[in-house]
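A.B. asks: Before anything else, here's the structure in question.
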Amino acid sequence: MRGVPAGRQTTLKDHVAVTGIGVHSGSPATLTLHPAEADTGIVFLRCGVDGKPDRELNAHYRSVTATEFATVLGDHNGPAVSTTEHVLAALHGLGVDNAVIEVDGPEVPIMDGSAEPFVAAIDQAGIVATAAARRYIQVLKPVRVAKGDSYGELRPHLRGLRIETEIEFDHPLIGRQAFAMDVEPDLFRRELARARTFGFMRDVSKLWSAGYALGASFENTVVIAENRVLNPEGVRFADEFVRHKAVDAIGDLALSGAPLLGAYRSVRGGHKLNHAVLTALMADRSAWAYVEMPETRRPRGHADLPAAFTSPAYGPDVS
Ligand SMILES: [Zn+2]
């Protein structure tokens, strides 16, 4: 990402593929990242279904069909591709605006449970700027969704996307953990990309009988028992769990369709809450605006911005 101007849309220089199994389905799949033209956004291409045409799905919050344990995208024909969040987090975390994600199975491969293998793939392909200006979604006022003792909130934040996650589990290894970071490529690589999916041993039989976690193993999930992590290598960060929640949130918020200028706070949240907050933001047309960021400087506050920068630059695409 270094050397790529902040105000211009990016894509990949080349295509690159990774292969693995889905953590929930256990199904093998190859995921291929392809370059795409400016203004394409991120598009999933689900192929390899016997006798059926390929399905194209915008990586968009309106394409979400399920949020139980993973974010699933689909259309009127039903779900098409599951566990989209980690590859989307890697693309968004590294600042890739346009790409086609081809998947030949029902689920994005889980790889090692983190976003790092997708970061490595993107680095292998390379990132290149296009001639087109990048369009951001600027959060103009706080939007909050609460459910029980969980809540999520997007609020104005002009420096880009900021993520604040907090979790609380009644478990001696986790308890309460909080993490906060302004999302930019170097920090994403260093602080978030390697944080893995986690799960509790006590939930395994329930998950399996519901058809989830069929591909989960020590290779792709931090497995937590009564008072220890069962993986022989232990954890990658002392607070790997809350960092992974931040990865999930970045991936889920990437379904906005354009990079957010806003701060997202999630307390005891998950995919369902991330999706609900993003949907609530976009449904309130007074809560956001499309803006372009000047190439020469990053905004620090409203006072720095030309008037045109804070007014909607494009017509609404949400009614
Ligand atoms: Zn995750």
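All residue names refer to the structure tokens as shown: chains lettered A, B, ... in order, residues numbered from 1 in each chain, ligands numbered from 1 in order.
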Quick one: residues within 7 Å of ligand 1, with only C-alpha atoms and all ligand atoms, as a PyMOL selection string?
C.D. replies: chain A and resi 85-86+197+244-245+247-248
A.B. asks: Could you go through region 42-170 of chain A and tell me which residues DSSP, when run on the backbone, assigns to strand (DSSP E), listing them as a ChimeraX atom specification?
C.D. replies: /A:42-46,55-58,64-66,72-75,78-81,99-103,127-133,135-139,143-147,150-156,161-169
A.B. asks: How would the residues just chosen look if you wrote them out with C-alpha atoms as a PDB file, in the first residue's frame?
C.D. replies:
ATOM      1  CA  ILE A  42     -15.499  -6.131  -4.108  1.00  0.00           C
ATOM      2  CA  VAL A  43     -17.468  -8.830  -5.898  1.00  0.00           C
ATOM      3  CA  PHE A  44     -17.721 -12.519  -5.023  1.00  0.00           C
ATOM      4  CA  LEU A  45     -17.941 -14.989  -7.902  1.00  0.00           C
ATOM      5  CA  ARG A  46     -19.284 -18.332  -6.714  1.00  0.00           C
ATOM      6  CA  ARG A  55     -23.203 -16.466  -9.351  1.00  0.00           C
ATOM      7  CA  GLU A  56     -21.964 -12.921  -8.912  1.00  0.00           C
ATOM      8  CA  LEU A  57     -22.604 -11.147  -5.615  1.00  0.00           C
ATOM      9  CA  ASN A  58     -21.598  -7.699  -4.538  1.00  0.00           C
ATOM     10  CA  VAL A  64     -26.150 -10.717   3.711  1.00  0.00           C
ATOM     11  CA  THR A  65     -28.366 -13.781   4.186  1.00  0.00           C
ATOM     12  CA  ALA A  66     -27.102 -15.036   7.568  1.00  0.00           C
ATOM     13  CA  VAL A  72     -22.986 -15.331   4.613  1.00  0.00           C
ATOM     14  CA  LEU A  73     -23.725 -13.589   1.320  1.00  0.00           C
ATOM     15  CA  GLY A  74     -26.374 -14.655  -1.148  1.00  0.00           C
ATOM     16  CA  ASP A  75     -29.246 -13.507  -3.302  1.00  0.00           C
ATOM     17  CA  GLY A  78     -30.347 -18.341  -1.361  1.00  0.00           C
ATOM     18  CA  PRO A  79     -26.948 -18.360   0.315  1.00  0.00           C
ATOM     19  CA  ALA A  80     -23.944 -18.475  -2.022  1.00  0.00           C
ATOM     20  CA  VAL A  81     -20.758 -18.017  -0.043  1.00  0.00           C
ATOM     21  CA  ALA A  99     -11.338  -7.034  -6.635  1.00  0.00           C
ATOM     22  CA  VAL A 100     -13.195 -10.140  -7.732  1.00  0.00           C
ATOM     23  CA  ILE A 101     -13.100 -12.966  -5.194  1.00  0.00           C
ATOM     24  CA  GLU A 102     -13.728 -16.220  -7.041  1.00  0.00           C
ATOM     25  CA  VAL A 103     -14.656 -19.158  -4.784  1.00  0.00           C
ATOM     26  CA  ILE A 127      -1.641  -3.414  -5.023  1.00  0.00           C
ATOM     27  CA  VAL A 128      -1.895  -0.729  -7.684  1.00  0.00           C
ATOM     28  CA  ALA A 129      -3.697   2.632  -7.804  1.00  0.00           C
ATOM     29  CA  THR A 130      -6.279   3.307 -10.500  1.00  0.00           C
ATOM     30  CA  ALA A 131      -6.982   6.734 -12.015  1.00  0.00           C
ATOM     31  CA  ALA A 132     -10.363   6.941 -10.257  1.00  0.00           C
ATOM     32  CA  ALA A 133     -10.981   8.952  -7.095  1.00  0.00           C
ATOM     33  CA  ARG A 135     -15.274   7.575  -2.603  1.00  0.00           C
ATOM     34  CA  TYR A 136     -15.717   7.294   1.171  1.00  0.00           C
ATOM     35  CA  ILE A 137     -18.796   6.985   3.325  1.00  0.00           C
ATOM     36  CA  GLN A 138     -18.452   9.663   5.983  1.00  0.00           C
ATOM     37  CA  VAL A 139     -20.385   9.006   9.184  1.00  0.00           C
ATOM     38  CA  VAL A 143     -25.877   5.472  15.023  1.00  0.00           C
ATOM     39  CA  ARG A 144     -26.299   2.870  17.736  1.00  0.00           C
ATOM     40  CA  VAL A 145     -27.919  -0.556  17.953  1.00  0.00           C
ATOM     41  CA  ALA A 146     -28.318  -2.311  21.296  1.00  0.00           C
ATOM     42  CA  LYS A 147     -29.516  -5.799  22.090  1.00  0.00           C
ATOM     43  CA  SER A 150     -24.494  -5.908  23.642  1.00  0.00           C
ATOM     44  CA  TYR A 151     -24.278  -2.760  21.607  1.00  0.00           C
ATOM     45  CA  GLY A 152     -22.590  -1.414  18.530  1.00  0.00           C
ATOM     46  CA  GLU A 153     -22.164   2.173  17.467  1.00  0.00           C
ATOM     47  CA  LEU A 154     -20.757   4.079  14.497  1.00  0.00           C
ATOM     48  CA  ARG A 155     -19.785   7.680  15.143  1.00  0.00           C
ATOM     49  CA  PRO A 156     -18.004  10.416  13.186  1.00  0.00           C
ATOM     50  CA  LEU A 161     -11.915   3.766   9.975  1.00  0.00           C
ATOM     51  CA  ARG A 162     -11.356   3.309  13.692  1.00  0.00           C
ATOM     52  CA  ILE A 163     -12.281   0.033  15.377  1.00  0.00           C
ATOM     53  CA  GLU A 164     -12.958  -0.401  19.092  1.00  0.00           C
ATOM     54  CA  THR A 165     -13.961  -3.860  20.258  1.00  0.00           C
ATOM     55  CA  GLU A 166     -14.711  -5.088  23.731  1.00  0.00           C
ATOM     56  CA  ILE A 167     -15.602  -8.599  24.794  1.00  0.00           C
ATOM     57  CA  GLU A 168     -16.569 -10.144  28.078  1.00  0.00           C
ATOM     58  CA  PHE A 169     -16.754 -13.879  28.572  1.00  0.00           C
TER      59      PHE A 169
END
A.B. asks: If you run DSSP on this backbone, which residues of region 60-299 of chain A come out as alpha helix (DSSP H), and could you give them as an MDAnalysis selection string?
C.D. replies: chainID A and resid 85:93 116:125 185:187 204:209 240:253 271:283
A.B. asks: For His92 (chain A), please output as a PyMOL selection string all residues within 9 Å (counting only C-alpha atoms; exclusion window: fewer than 5 positions along the same chain).
C.D. replies: chain A and resi 87+97+183+185+250-251+254+259
A.B. asks: Please, could you write that set of residues out with N, CA and C atoms as a CSV table (one decimal), in the first residue's frame?
C.D. replies:
chain,number,residue,atom,x,y,z
A,87,VAL,N,-11.4,-12.6,4.6
A,87,VAL,CA,-10.8,-12.1,3.3
A,87,VAL,C,-11.2,-10.7,3.0
A,97,ASP,N,-9.7,-1.5,-3.0
A,97,ASP,CA,-11.1,-1.1,-3.2
A,97,ASP,C,-11.8,-2.0,-4.2
A,183,VAL,N,-7.6,2.0,11.7
A,183,VAL,CA,-7.2,0.9,10.7
A,183,VAL,C,-6.4,1.5,9.6
A,185,PRO,N,-2.9,0.2,6.8
A,185,PRO,CA,-2.3,-1.1,6.4
A,185,PRO,C,-1.2,-1.6,7.3
A,250,ILE,N,-14.0,-5.4,11.0
A,250,ILE,CA,-13.5,-4.7,9.7
A,250,ILE,C,-14.1,-5.4,8.5
A,251,GLY,N,-14.1,-6.8,8.5
A,251,GLY,CA,-14.6,-7.5,7.4
A,251,GLY,C,-16.1,-7.3,7.2
A,254,ALA,N,-16.7,-3.8,5.8
A,254,ALA,CA,-16.3,-3.6,4.4
A,254,ALA,C,-17.5,-3.8,3.5
A,259,PRO,N,-15.1,2.7,1.6
A,259,PRO,CA,-14.4,2.8,2.9
A,259,PRO,C,-15.1,3.8,3.8
A.B. asks: Here is a test: counting only C-alpha atoms, which residue of A:Ala115, A:Ala180, A:Ala213, A:Ala287 is nearest to Ala195 (chain A)?
C.D. replies: A:Ala115
A.B. asks: Using Å and a single decimal, report how far CA of Leu214 (chain A) sits from CA of Tyr61 (chain A).
C.D. replies: 25.9 Å
A.B. asks: Considering only C-alpha atoms, can you say which of A:His271, A:Leu94, A:Ala280, A:Ser114 comes closest to Thr67 (chain A)?
C.D. replies: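 Of A:His271, A:Leu94, A:Ala280, A:Ser114, the one nearest Thr67 (chain A), counting only C-alpha atoms, is A:His271.
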A.B. asks: Please provide as JSON, numbers by chain all residues within 10 Å of region 13-26 of chain A, with the sequence filter that same-chain residues fewer than 3 positions apart are discarded (counting only C-alpha atoms).
C.D. replies: {"A": [10, 29, 30, 31, 32, 33, 34, 35, 36, 69, 70, 82, 83, 99, 100, 101, 102, 103, 104, 105, 106, 107, 108, 109, 110, 111, 112, 113, 117, 118, 120, 121, 122, 123, 124, 125, 126, 127, 128, 129, 197, 207, 208, 211, 212, 213, 214, 215, 216, 217, 220, 221]}
A.B. asks: Could you write out the selected residues, including C-alpha atoms, as a compact mmCIF listing (two decimals), in the first residue's frame?
C.D. replies:
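Below is the file that was written, part32.txt:
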# COMPACT_ATOMS: atom_id res chain seq x y z
CA THR A 10 -6.85 0.62 -5.82
CA ALA A 29 -12.40 -24.59 -1.81
CA THR A 30 -9.96 -22.58 -3.86
CA LEU A 31 -10.27 -18.80 -3.54
CA THR A 32 -8.78 -16.70 -6.33
CA LEU A 33 -8.38 -12.92 -6.00
CA HIS A 34 -8.57 -11.10 -9.34
CA PRO A 35 -7.93 -7.46 -10.24
CA ALA A 36 -11.06 -5.45 -11.09
CA PHE A 69 -21.12 -17.61 13.57
CA ALA A 70 -20.07 -16.19 10.16
CA SER A 82 -20.11 -18.23 3.68
CA THR A 83 -17.46 -16.91 6.08
CA ALA A 99 -11.34 -7.03 -6.64
CA VAL A 100 -13.19 -10.14 -7.73
CA ILE A 101 -13.10 -12.97 -5.19
CA GLU A 102 -13.73 -16.22 -7.04
CA VAL A 103 -14.66 -19.16 -4.78
CA ASP A 104 -15.33 -22.67 -6.10
CA GLY A 105 -17.02 -23.94 -2.92
CA PRO A 106 -19.77 -22.87 -0.50
CA GLU A 107 -17.41 -21.23 1.96
CA VAL A 108 -14.25 -19.11 1.93
CA PRO A 109 -11.38 -21.33 3.11
CA ILE A 110 -10.54 -20.65 6.75
CA MET A 111 -6.78 -21.16 6.23
CA ASP A 112 -5.18 -20.68 9.71
CA GLY A 113 -8.27 -18.92 11.10
CA PRO A 117 -2.94 -15.82 4.67
CA PHE A 118 -5.11 -13.40 2.67
CA ALA A 120 0.14 -12.69 2.20
CA ALA A 121 -1.83 -13.48 -0.97
CA ILE A 122 -2.61 -9.79 -1.56
CA ASP A 123 1.06 -8.93 -1.01
CA GLN A 124 2.01 -11.60 -3.53
CA ALA A 125 -0.39 -10.12 -6.10
CA GLY A 126 0.57 -6.51 -5.32
CA ILE A 127 -1.64 -3.41 -5.02
CA VAL A 128 -1.89 -0.73 -7.68
CA ALA A 129 -3.70 2.63 -7.80
CA THR A 197 -10.84 -17.48 15.10
CA LEU A 207 -22.13 -26.48 17.07
CA TRP A 208 -21.55 -29.79 15.33
CA GLY A 211 -24.00 -28.10 11.28
CA TYR A 212 -21.34 -25.56 12.28
CA ALA A 213 -17.60 -25.88 12.91
CA LEU A 214 -17.40 -29.14 10.94
CA GLY A 215 -14.02 -28.08 9.56
CA ALA A 216 -12.68 -26.60 12.80
CA SER A 217 -9.39 -27.93 14.13
CA ASN A 220 -7.59 -23.01 12.19
CA THR A 221 -9.19 -22.26 15.55
A.B. asks: Smallest atom-to-atom distance to Arg159 (chain A): which of A:Ala289, A:Ala258, A:Val222, A:Met181, using only C-alpha atoms?
C.D. replies: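 Among the listed residues, A:Met181 lies closest to Arg159 (chain A).
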